[in-house]
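Undergrad: For reference, the structure I am asking about is given below.
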Amino acid sequence: MTGFWTRMAGRGPAEVVIAGVPVGPGSRVRLRPRAQADVFDLVLDGRVAVVESVEQDDEGAFHIAVTLDDDPGRDLGEARLPGHRFFYSIEEIEPLGEQDGRPAPGRVLVAGIGNVFLGDDGFGVEVARHLAGQAGVPGMEVVDFGIRGMDLAYALQRDYAGVVFVDAAPRGLAPGTLTVLDPELPDGAEASAPVETHGMDPVRVLRLARQLGRLPARVRIVCCEPASVEEEPFELSAPVRAMVGEAAGLVKSLVMEMIAESATPDARDPAPTVR
């Protein structure tokens, strides 16, 4: 099994053409397993899936990594966990057509991050929950990543036009102050620093995402000045909690701005190199 994953580690092209239709991350396809050798082949035959990546093994063969379109645990597939992510050859993939199979333009990921057991550090998670309970912006996907930095780095490999991190960050301002940051990552050896398995540092997540092969073209961080990040109490402080709704509105505005920018003809360039 280890040998298989080693062979599959090579990332393939951005997209492949199947039956005349370009297929790449975000494309919707129908699964047509040929072998029918096990229960997964039988159950998944005819199911609609979303392409996560195109991989190429050491012999040059292409393999399409997919997650099921209706899988409530799709984010686990994006994190490359078995049982939620499946590989198929190009002969076993049926594109849904150029209109339905191509990724929808202008998708933006909103990533709520933070540790809910450290007081105000759970601000990003609370904003994500707040957004999930509201009418969304078309093209906006909200995910509570908590402290799952590795999962977030893998999620950024999808075809997002932008990502908005929501976090608590001390900047010496009054508690509850909201700030929008454009992250700048330095060059040098530090750029390859690993992501902590059970930690969440947005800068390190972005570095890992770049190393994996892709970063969204637009990145913003909405941060809130915390009053306390102590282990008790396990809740947001009053000034920080009061800003959850306002932060949600700010996030929506940023998402709409990113989607509008991505719709312009010259806005679909590859993601810039992170420095």
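Just remember, in the structure tokens the first chain shown is A, the second B, etc., residues are 1-based per chain, and ligands are 1-based in the order shown.
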Could you list, as a PyMOL selection string, every residue within 8 Å of region 161-167 of chain A, counting only C-alpha atoms and ignoring same-chain residues fewer than 2 positions away?
TA: chain A and resi 105-114+121-125+127-128+159+169+202+216-224+251+254-255+258-259+262
Undergrad: Select, from A:Val66, A:Ala61, A:Ala155, A:Leu250, the residue with the minimum atom-to-atom distance to Leu208 (chain A), counting only C-alpha atoms.
TA: A:Ala155
Undergrad: Can you pull out the residues contacting region 172-180 of chain A? Cut-off 9 Å, using only C-alpha atoms, and skip same-chain residues under 3 positions away; I want them as a PDB file with N, CA and C atoms, in the first residue's frame.
TA:
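For reference, out27.pdb as written:
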```
ATOM      1  N   ARG A 220      -7.207  36.974   1.873  1.00  0.00           N
ATOM      2  CA  ARG A 220      -7.420  38.003   2.882  1.00  0.00           C
ATOM      3  C   ARG A 220      -7.560  37.322   4.248  1.00  0.00           C
ATOM      4  N   ILE A 221      -7.168  38.038   5.291  1.00  0.00           N
ATOM      5  CA  ILE A 221      -7.361  37.547   6.656  1.00  0.00           C
ATOM      6  C   ILE A 221      -8.162  38.595   7.418  1.00  0.00           C
ATOM      7  N   VAL A 222      -9.326  38.210   7.894  1.00  0.00           N
ATOM      8  CA  VAL A 222     -10.130  39.069   8.760  1.00  0.00           C
ATOM      9  C   VAL A 222      -9.817  38.659  10.189  1.00  0.00           C
ATOM     10  N   CYS A 223      -9.188  39.541  10.932  1.00  0.00           N
ATOM     11  CA  CYS A 223      -8.810  39.187  12.297  1.00  0.00           C
ATOM     12  C   CYS A 223      -9.441  40.134  13.301  1.00  0.00           C
ATOM     13  N   CYS A 224      -9.638  39.607  14.481  1.00  0.00           N
ATOM     14  CA  CYS A 224     -10.246  40.367  15.566  1.00  0.00           C
ATOM     15  C   CYS A 224      -9.285  40.420  16.743  1.00  0.00           C
ATOM     16  N   GLU A 225      -9.139  41.601  17.324  1.00  0.00           N
ATOM     17  CA  GLU A 225      -8.272  41.762  18.492  1.00  0.00           C
ATOM     18  C   GLU A 225      -8.902  41.053  19.693  1.00  0.00           C
ATOM     19  N   PRO A 226      -8.212  40.048  20.267  1.00  0.00           N
ATOM     20  CA  PRO A 226      -8.781  39.323  21.410  1.00  0.00           C
ATOM     21  C   PRO A 226      -8.593  40.089  22.716  1.00  0.00           C
ATOM     22  N   ALA A 227      -9.483  39.796  23.655  1.00  0.00           N
ATOM     23  CA  ALA A 227      -9.314  40.309  25.009  1.00  0.00           C
ATOM     24  C   ALA A 227      -8.593  39.288  25.865  1.00  0.00           C
ATOM     25  N   SER A 228      -8.824  37.997  25.552  1.00  0.00           N
ATOM     26  CA  SER A 228      -8.205  36.924  26.330  1.00  0.00           C
ATOM     27  C   SER A 228      -8.136  35.660  25.499  1.00  0.00           C
ATOM     28  N   SER A 237     -15.065  36.626  24.851  1.00  0.00           N
ATOM     29  CA  SER A 237     -15.289  37.769  25.730  1.00  0.00           C
ATOM     30  C   SER A 237     -16.383  38.648  25.128  1.00  0.00           C
ATOM     31  N   ALA A 238     -16.967  39.511  25.947  1.00  0.00           N
ATOM     32  CA  ALA A 238     -18.084  40.350  25.493  1.00  0.00           C
ATOM     33  C   ALA A 238     -17.723  41.232  24.294  1.00  0.00           C
ATOM     34  N   PRO A 239     -16.570  41.956  24.303  1.00  0.00           N
ATOM     35  CA  PRO A 239     -16.270  42.826  23.149  1.00  0.00           C
ATOM     36  C   PRO A 239     -16.005  42.047  21.868  1.00  0.00           C
ATOM     37  N   VAL A 240     -15.488  40.850  21.991  1.00  0.00           N
ATOM     38  CA  VAL A 240     -15.208  40.038  20.799  1.00  0.00           C
ATOM     39  C   VAL A 240     -16.505  39.414  20.279  1.00  0.00           C
ATOM     40  N   ARG A 241     -17.330  38.886  21.168  1.00  0.00           N
ATOM     41  CA  ARG A 241     -18.601  38.298  20.737  1.00  0.00           C
ATOM     42  C   ARG A 241     -19.475  39.345  20.047  1.00  0.00           C
ATOM     43  N   ALA A 242     -19.392  40.585  20.495  1.00  0.00           N
ATOM     44  CA  ALA A 242     -20.221  41.638  19.909  1.00  0.00           C
ATOM     45  C   ALA A 242     -19.854  41.913  18.453  1.00  0.00           C
ATOM     46  N   MET A 243     -18.680  41.465  18.009  1.00  0.00           N
ATOM     47  CA  MET A 243     -18.225  41.754  16.651  1.00  0.00           C
ATOM     48  C   MET A 243     -18.454  40.591  15.686  1.00  0.00           C
ATOM     49  N   GLU A 246     -20.807  41.650  12.790  1.00  0.00           N
ATOM     50  CA  GLU A 246     -20.156  42.629  11.910  1.00  0.00           C
ATOM     51  C   GLU A 246     -19.061  41.968  11.083  1.00  0.00           C
ATOM     52  N   ALA A 247     -18.324  41.052  11.697  1.00  0.00           N
ATOM     53  CA  ALA A 247     -17.279  40.339  10.955  1.00  0.00           C
ATOM     54  C   ALA A 247     -17.895  39.496   9.842  1.00  0.00           C
TER      55      ALA A 247
END
```
Undergrad: If we count only C-alpha atoms and set the cut-off at 7 Å, which residues sit around Arg30 (chain A), ignoring sequence neighbours fewer than 5 positions away in its own chain? Please answer as number ranges by chain.
TA: A: 46-49, 93-96
Undergrad: Based on the selection just made, write C-alpha atoms of those residues as a PDB file, in the first residue's frame.
TA:
```pdb
ATOM      1  CA  GLY A  46     -23.271   6.148 -11.776  1.00  0.00           C
ATOM      2  CA  ARG A  47     -22.666   8.495  -8.834  1.00  0.00           C
ATOM      3  CA  VAL A  48     -21.790  12.151  -9.444  1.00  0.00           C
ATOM      4  CA  ALA A  49     -18.423  13.250  -8.081  1.00  0.00           C
ATOM      5  CA  ILE A  93     -14.756   9.117 -15.741  1.00  0.00           C
ATOM      6  CA  GLU A  94     -17.715  10.500 -17.677  1.00  0.00           C
ATOM      7  CA  PRO A  95     -17.721  14.325 -17.886  1.00  0.00           C
ATOM      8  CA  LEU A  96     -21.112  15.888 -17.320  1.00  0.00           C
TER       9      LEU A  96
END
```
Undergrad: Using only C-alpha atoms, determine which residues lie at most 12 Å from Leu31 (chain A), disregarding the query and same-chain residues fewer than 3 positions distant; provide the list as a ChimeraX atom specification.
TA: /A:28,34,36,40-51,64-69,86-96
Undergrad: Write the residues you've just listed into a file as a tab-separated table (two decimals), in the first residue's frame, and include N, CA and C atoms for each of them.
TA:
```tsv
chain	number	residue	atom	x	y	z
A	28	ARG	N	-17.42	18.46	-12.37
A	28	ARG	CA	-18.36	17.44	-11.93
A	28	ARG	C	-18.40	16.34	-12.98
A	34	ARG	N	-14.94	0.27	-14.17
A	34	ARG	CA	-14.95	-0.81	-15.15
A	34	ARG	C	-14.87	-2.18	-14.51
A	36	GLN	N	-15.83	-3.42	-11.50
A	36	GLN	CA	-16.95	-3.95	-10.70
A	36	GLN	C	-16.44	-5.06	-9.79
A	40	PHE	N	-17.35	-1.08	-3.49
A	40	PHE	CA	-17.25	0.33	-3.83
A	40	PHE	C	-17.55	0.55	-5.31
A	41	ASP	N	-17.07	-0.36	-6.16
A	41	ASP	CA	-17.36	-0.22	-7.59
A	41	ASP	C	-18.86	-0.31	-7.84
A	42	LEU	N	-19.53	-1.20	-7.14
A	42	LEU	CA	-20.96	-1.38	-7.33
A	42	LEU	C	-21.75	-0.19	-6.80
A	43	VAL	N	-21.38	0.28	-5.63
A	43	VAL	CA	-22.11	1.38	-4.99
A	43	VAL	C	-21.89	2.70	-5.70
A	44	LEU	N	-20.67	2.93	-6.18
A	44	LEU	CA	-20.33	4.23	-6.75
A	44	LEU	C	-20.62	4.33	-8.24
A	45	ASP	N	-20.96	3.22	-8.88
A	45	ASP	CA	-21.26	3.27	-10.30
A	45	ASP	C	-22.44	4.20	-10.57
A	46	GLY	N	-22.22	5.20	-11.42
A	46	GLY	CA	-23.27	6.15	-11.78
A	46	GLY	C	-23.38	7.35	-10.86
A	47	ARG	N	-22.59	7.36	-9.77
A	47	ARG	CA	-22.67	8.49	-8.83
A	47	ARG	C	-21.95	9.71	-9.42
A	48	VAL	N	-22.42	10.90	-9.03
A	48	VAL	CA	-21.79	12.15	-9.44
A	48	VAL	C	-20.70	12.51	-8.44
A	49	ALA	N	-19.55	12.91	-8.94
A	49	ALA	CA	-18.42	13.25	-8.08
A	49	ALA	C	-17.80	14.56	-8.54
A	50	VAL	N	-16.96	15.12	-7.67
A	50	VAL	CA	-16.24	16.35	-7.96
A	50	VAL	C	-14.74	16.04	-8.02
A	51	VAL	N	-14.10	16.45	-9.08
A	51	VAL	CA	-12.66	16.22	-9.24
A	51	VAL	C	-11.88	17.09	-8.27
A	64	ILE	N	-7.60	10.18	-11.69
A	64	ILE	CA	-8.44	11.30	-11.28
A	64	ILE	C	-8.88	11.09	-9.84
A	65	ALA	N	-8.49	12.00	-8.95
A	65	ALA	CA	-8.91	11.93	-7.55
A	65	ALA	C	-10.23	12.68	-7.40
A	66	VAL	N	-11.23	12.02	-6.84
A	66	VAL	CA	-12.56	12.62	-6.72
A	66	VAL	C	-13.12	12.44	-5.32
A	67	THR	N	-14.07	13.30	-4.98
A	67	THR	CA	-14.92	13.11	-3.81
A	67	THR	C	-16.36	13.11	-4.31
A	68	LEU	N	-17.22	12.42	-3.59
A	68	LEU	CA	-18.62	12.34	-4.01
A	68	LEU	C	-19.30	13.69	-3.84
A	69	ASP	N	-20.12	14.06	-4.80
A	69	ASP	CA	-20.78	15.36	-4.80
A	69	ASP	C	-21.67	15.53	-3.58
A	86	PHE	N	-11.45	9.05	-3.77
A	86	PHE	CA	-11.31	7.87	-4.60
A	86	PHE	C	-10.53	8.20	-5.88
A	87	PHE	N	-9.83	7.19	-6.41
A	87	PHE	CA	-9.07	7.36	-7.64
A	87	PHE	C	-9.69	6.54	-8.76
A	88	TYR	N	-9.78	7.17	-9.94
A	88	TYR	CA	-10.28	6.48	-11.11
A	88	TYR	C	-9.41	6.83	-12.30
A	89	SER	N	-9.33	5.91	-13.25
A	89	SER	CA	-8.62	6.20	-14.49
A	89	SER	C	-9.50	7.09	-15.35
A	90	ILE	N	-8.92	7.69	-16.38
A	90	ILE	CA	-9.69	8.58	-17.22
A	90	ILE	C	-10.76	7.80	-18.00
A	91	GLU	N	-10.55	6.49	-18.18
A	91	GLU	CA	-11.55	5.68	-18.86
A	91	GLU	C	-12.79	5.43	-17.99
A	92	GLU	N	-12.66	5.69	-16.69
A	92	GLU	CA	-13.77	5.44	-15.76
A	92	GLU	C	-14.50	6.72	-15.36
A	93	ILE	N	-14.18	7.81	-16.04
A	93	ILE	CA	-14.76	9.12	-15.74
A	93	ILE	C	-15.60	9.58	-16.92
A	94	GLU	N	-16.82	9.98	-16.64
A	94	GLU	CA	-17.71	10.50	-17.68
A	94	GLU	C	-18.01	11.97	-17.38
A	95	PRO	N	-17.44	12.90	-18.13
A	95	PRO	CA	-17.72	14.32	-17.89
A	95	PRO	C	-19.21	14.62	-18.04
A	96	LEU	N	-19.70	15.53	-17.24
A	96	LEU	CA	-21.11	15.89	-17.32
A	96	LEU	C	-21.39	16.89	-18.43
```
Undergrad: Hey, can you check how far CA of Glu235 (chain A) sits from CA of His130 (chain A)?
TA: 14.8 Å
Undergrad: Any idea what the distance is between CA of Leu156 (chain A) and CA of Arg210 (chain A)?
TA: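 Value for the CA of Leu156 (chain A)-CA of Arg210 (chain A) distance: 9.1 Å.
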Undergrad: Can you measure CA of Val143 (chain A) to CA of Ala168 (chain A) for me? One decimal in Å is fine.
TA: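 Computing it gives 16.2 Å between the two atoms.
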Undergrad: Would you list, as an NGL selection string, the residues of region 89-143 of chain A that end up in alpha helix (DSSP H) under DSSP run on this structure's backbone?
TA: :A and (98-101 or 123-132)
Undergrad: Now that the selection is made, can you save its residues with N, CA, C and O atoms as a tab-separated table (two decimals), in the first residue's frame?
TA:
```
chain	number	residue	atom	x	y	z
A	98	GLU	N	-19.53	20.26	-20.97
A	98	GLU	CA	-18.75	21.49	-20.80
A	98	GLU	C	-19.43	22.46	-19.86
A	98	GLU	O	-18.81	23.11	-19.05
A	99	GLN	N	-20.77	22.56	-19.93
A	99	GLN	CA	-21.47	23.54	-19.10
A	99	GLN	C	-21.56	23.09	-17.65
A	99	GLN	O	-21.32	23.84	-16.72
A	100	ASP	N	-21.91	21.78	-17.46
A	100	ASP	CA	-22.09	21.29	-16.10
A	100	ASP	C	-20.80	20.76	-15.49
A	100	ASP	O	-20.65	20.73	-14.28
A	101	GLY	N	-19.86	20.33	-16.35
A	101	GLY	CA	-18.68	19.69	-15.83
A	101	GLY	C	-17.57	20.65	-15.45
A	101	GLY	O	-16.71	20.30	-14.67
A	123	PHE	N	-12.77	32.87	17.88
A	123	PHE	CA	-13.55	33.86	17.14
A	123	PHE	C	-13.85	33.42	15.70
A	123	PHE	O	-14.99	33.50	15.23
A	124	GLY	N	-12.85	32.94	14.99
A	124	GLY	CA	-13.04	32.54	13.60
A	124	GLY	C	-14.05	31.41	13.46
A	124	GLY	O	-14.86	31.39	12.53
A	125	VAL	N	-14.01	30.46	14.39
A	125	VAL	CA	-14.95	29.35	14.38
A	125	VAL	C	-16.37	29.87	14.58
A	125	VAL	O	-17.32	29.44	13.92
A	126	GLU	N	-16.53	30.83	15.51
A	126	GLU	CA	-17.86	31.37	15.78
A	126	GLU	C	-18.40	32.14	14.59
A	126	GLU	O	-19.60	32.07	14.27
A	127	VAL	N	-17.55	32.87	13.89
A	127	VAL	CA	-17.99	33.60	12.70
A	127	VAL	C	-18.42	32.61	11.62
A	127	VAL	O	-19.43	32.82	10.93
A	128	ALA	N	-17.67	31.52	11.45
A	128	ALA	CA	-18.04	30.50	10.46
A	128	ALA	C	-19.40	29.91	10.79
A	128	ALA	O	-20.24	29.71	9.91
A	129	ARG	N	-19.66	29.64	12.06
A	129	ARG	CA	-20.96	29.11	12.46
A	129	ARG	C	-22.07	30.12	12.20
A	129	ARG	O	-23.17	29.76	11.77
A	130	HIS	N	-21.77	31.37	12.46
A	130	HIS	CA	-22.75	32.43	12.22
A	130	HIS	C	-23.10	32.51	10.74
A	130	HIS	O	-24.28	32.61	10.36
A	131	LEU	N	-22.09	32.46	9.89
A	131	LEU	CA	-22.31	32.53	8.44
A	131	LEU	C	-23.08	31.31	7.94
A	131	LEU	O	-23.91	31.41	7.04
A	132	ALA	N	-22.79	30.15	8.53
A	132	ALA	CA	-23.46	28.92	8.10
A	132	ALA	C	-24.96	28.98	8.38
A	132	ALA	O	-25.74	28.29	7.71
```
